[in-house]
Amino acid sequence: MAARWLLRTGIVLLLGLAAVAPARAASPGSELTKLTDPDDTFTSPDGQVIIEQYWKDKGEYDRVYEYWAFDAKHEHGVLLNRDKYIDDARYAAGFRFSPNSQWVVRMQKLGSGTHTLFLYRRNGSQFSEATPKPLGDMAWDYFYSQPISRQIHRKSGDRDSIDHPQVHLVKGADDNYASQGRHWPDSRYLVLSLSFDAQGEDRPLPWVEDWQCVFDTKTDQFSIPADLAKHNAETVTYPAPKRK
């Protein structure tokens, strides 16, 4: 009877320890190398968060990067790119904090001529993915829901075949785009720029350069203000006719 009670107690104790034990140490492992160039480290406007980048070799010609957010005293670390998106971290990234330091955009190169964005939400010293998929993927979803996708004769299913797809954060997020004449609520909106080309297509179709939209961090919705709609009307590029 006593042995059975001790066994049950031991199991409960082990389960309790498993529940509180961290899934992974809150700091980079010793096998990782830190990028030491000042331009590879980013500090939030309130000075309370520092983002550092680390890398390790995954193969002879392959690197994988980890992006860590630390408190100002460097006592608590949070890994931003978890295993779910580890394949999207083959290059060093850029990071841009919102003016209120509650959001951070990861600007990520994926390969030659390809680029996307990730958005994280800050809660104290913790960070979480702010969108169900990379912000760049959501921007392409929105693009393909717009009439312009029919204008360039491409459907949503064609996205994997377009050349050099890029999503960038338009300059101005640091001051809520006030430098562009905006009067937006603090840290609510992000302006994104989408581009791709027709390189490699046997019979090139039209493509877009610097097509822009706005992402609302409060509602997770995209929109196109009137001035951007006017801008977007001029972003479609048509292939030159072949010479006879």
# chains A, B, ... in the order shown; residues from 1 in each chain; ligands from 1

$ select_by_dssp --residues "stretch 13-165 of chain A" --states "strand (DSSP E or B)" --output "ChimeraX atom specification"
/A:33-34,42-43,49-59,62-71,77-79,93-97,103-111,114-123,126-129,163-165

$ closest_atom_pairs --of "stretch 197-235 of chain A" --to "stretch 132-141 of chain A" --cutoff "12 Å" --atoms "only C-alpha atoms" --output "JSON lines"
{"residue": "A:Trp211", "atom": "CA", "partner": "A:Ala139", "partner_atom": "CA", "distance": 10.6}
{"residue": "A:Gln212", "atom": "CA", "partner": "A:Ala139", "partner_atom": "CA", "distance": 9.5}
{"residue": "A:Cys213", "atom": "CA", "partner": "A:Ala139", "partner_atom": "CA", "distance": 8.0}
{"residue": "A:Val214", "atom": "CA", "partner": "A:Ala139", "partner_atom": "CA", "distance": 9.1}
{"residue": "A:Phe215", "atom": "CA", "partner": "A:Ala139", "partner_atom": "CA", "distance": 8.3}
{"residue": "A:Asp216", "atom": "CA", "partner": "A:Leu135", "partner_atom": "CA", "distance": 11.4}
{"residue": "A:Thr217", "atom": "CA", "partner": "A:Leu135", "partner_atom": "CA", "distance": 10.7}
{"residue": "A:Asp220", "atom": "CA", "partner": "A:Met138", "partner_atom": "CA", "distance": 9.7}
{"residue": "A:Gln221", "atom": "CA", "partner": "A:Met138", "partner_atom": "CA", "distance": 9.6}
{"residue": "A:Phe222", "atom": "CA", "partner": "A:Ala139", "partner_atom": "CA", "distance": 7.7}
{"residue": "A:Ser223", "atom": "CA", "partner": "A:Ala139", "partner_atom": "CA", "distance": 10.2}
{"residue": "A:Ile224", "atom": "CA", "partner": "A:Ala139", "partner_atom": "CA", "distance": 11.7}

$ atom_distance --atom1 "atom CA of A:Arg159" --atom2 "atom CA of A:Tyr65"
25.9 Å

$ atom_distance --atom1 "atom CA of A:Ser98" --atom2 "atom CA of A:Ser187"
5.4 Å

$ atom_distance --atom1 "atom CA of A:Ala178" --atom2 "atom CA of A:Ser128"
27.4 Å

$ residues_around --residues "stretch 42-54 of chain A" --least-positions-apart "5" --cutoff "6 Å" --atoms "only C-alpha atoms" --output "PyMOL selection string"
chain A and resi 32-35+65-72+97+101

$ write_last_selection --atoms "N, CA, C and O atoms" --output "tab-separated table (two decimals), in the first residue's frame"
chain	number	residue	atom	x	y	z
A	32	LEU	N	26.34	28.42	-30.90
A	32	LEU	CA	25.97	29.56	-31.72
A	32	LEU	C	27.00	30.68	-31.61
A	32	LEU	O	27.61	30.88	-30.55
A	33	THR	N	27.18	31.42	-32.70
A	33	THR	CA	28.12	32.54	-32.74
A	33	THR	C	27.34	33.84	-32.89
A	33	THR	O	26.48	33.95	-33.77
A	34	LYS	N	27.63	34.81	-32.08
A	34	LYS	CA	26.92	36.08	-32.10
A	34	LYS	C	27.48	36.99	-33.20
A	34	LYS	O	28.69	37.06	-33.42
A	35	LEU	N	26.58	37.68	-33.90
A	35	LEU	CA	27.01	38.72	-34.84
A	35	LEU	C	27.39	39.95	-34.03
A	35	LEU	O	26.60	40.45	-33.22
A	65	TYR	N	20.14	30.95	-38.63
A	65	TYR	CA	20.24	32.06	-37.68
A	65	TYR	C	19.15	31.96	-36.61
A	65	TYR	O	18.05	31.45	-36.86
A	66	GLU	N	19.48	32.43	-35.43
A	66	GLU	CA	18.51	32.60	-34.36
A	66	GLU	C	18.51	34.06	-33.94
A	66	GLU	O	19.56	34.70	-33.87
A	67	TYR	N	17.30	34.57	-33.66
A	67	TYR	CA	17.14	35.98	-33.29
A	67	TYR	C	16.60	36.03	-31.87
A	67	TYR	O	15.50	35.53	-31.60
A	68	TRP	N	17.38	36.63	-30.96
A	68	TRP	CA	17.06	36.61	-29.54
A	68	TRP	C	16.76	38.02	-29.04
A	68	TRP	O	17.50	38.96	-29.32
A	69	ALA	N	15.67	38.14	-28.26
A	69	ALA	CA	15.32	39.40	-27.61
A	69	ALA	C	15.67	39.28	-26.12
A	69	ALA	O	15.27	38.32	-25.46
A	70	PHE	N	16.42	40.25	-25.61
A	70	PHE	CA	16.82	40.27	-24.21
A	70	PHE	C	16.34	41.55	-23.53
A	70	PHE	O	16.15	42.58	-24.19
A	71	ASP	N	16.17	41.46	-22.22
A	71	ASP	CA	15.90	42.67	-21.45
A	71	ASP	C	17.18	43.50	-21.38
A	71	ASP	O	18.27	43.03	-21.76
A	72	ALA	N	17.07	44.73	-20.91
A	72	ALA	CA	18.21	45.65	-20.91
A	72	ALA	C	19.39	45.12	-20.09
A	72	ALA	O	20.55	45.42	-20.40
A	97	PHE	N	11.40	48.43	-34.59
A	97	PHE	CA	10.43	48.55	-33.51
A	97	PHE	C	9.42	49.63	-33.82
A	97	PHE	O	9.73	50.63	-34.50
A	101	SER	N	7.38	50.70	-28.84
A	101	SER	CA	8.19	49.51	-28.49
A	101	SER	C	7.36	48.25	-28.26
A	101	SER	O	7.88	47.26	-27.74
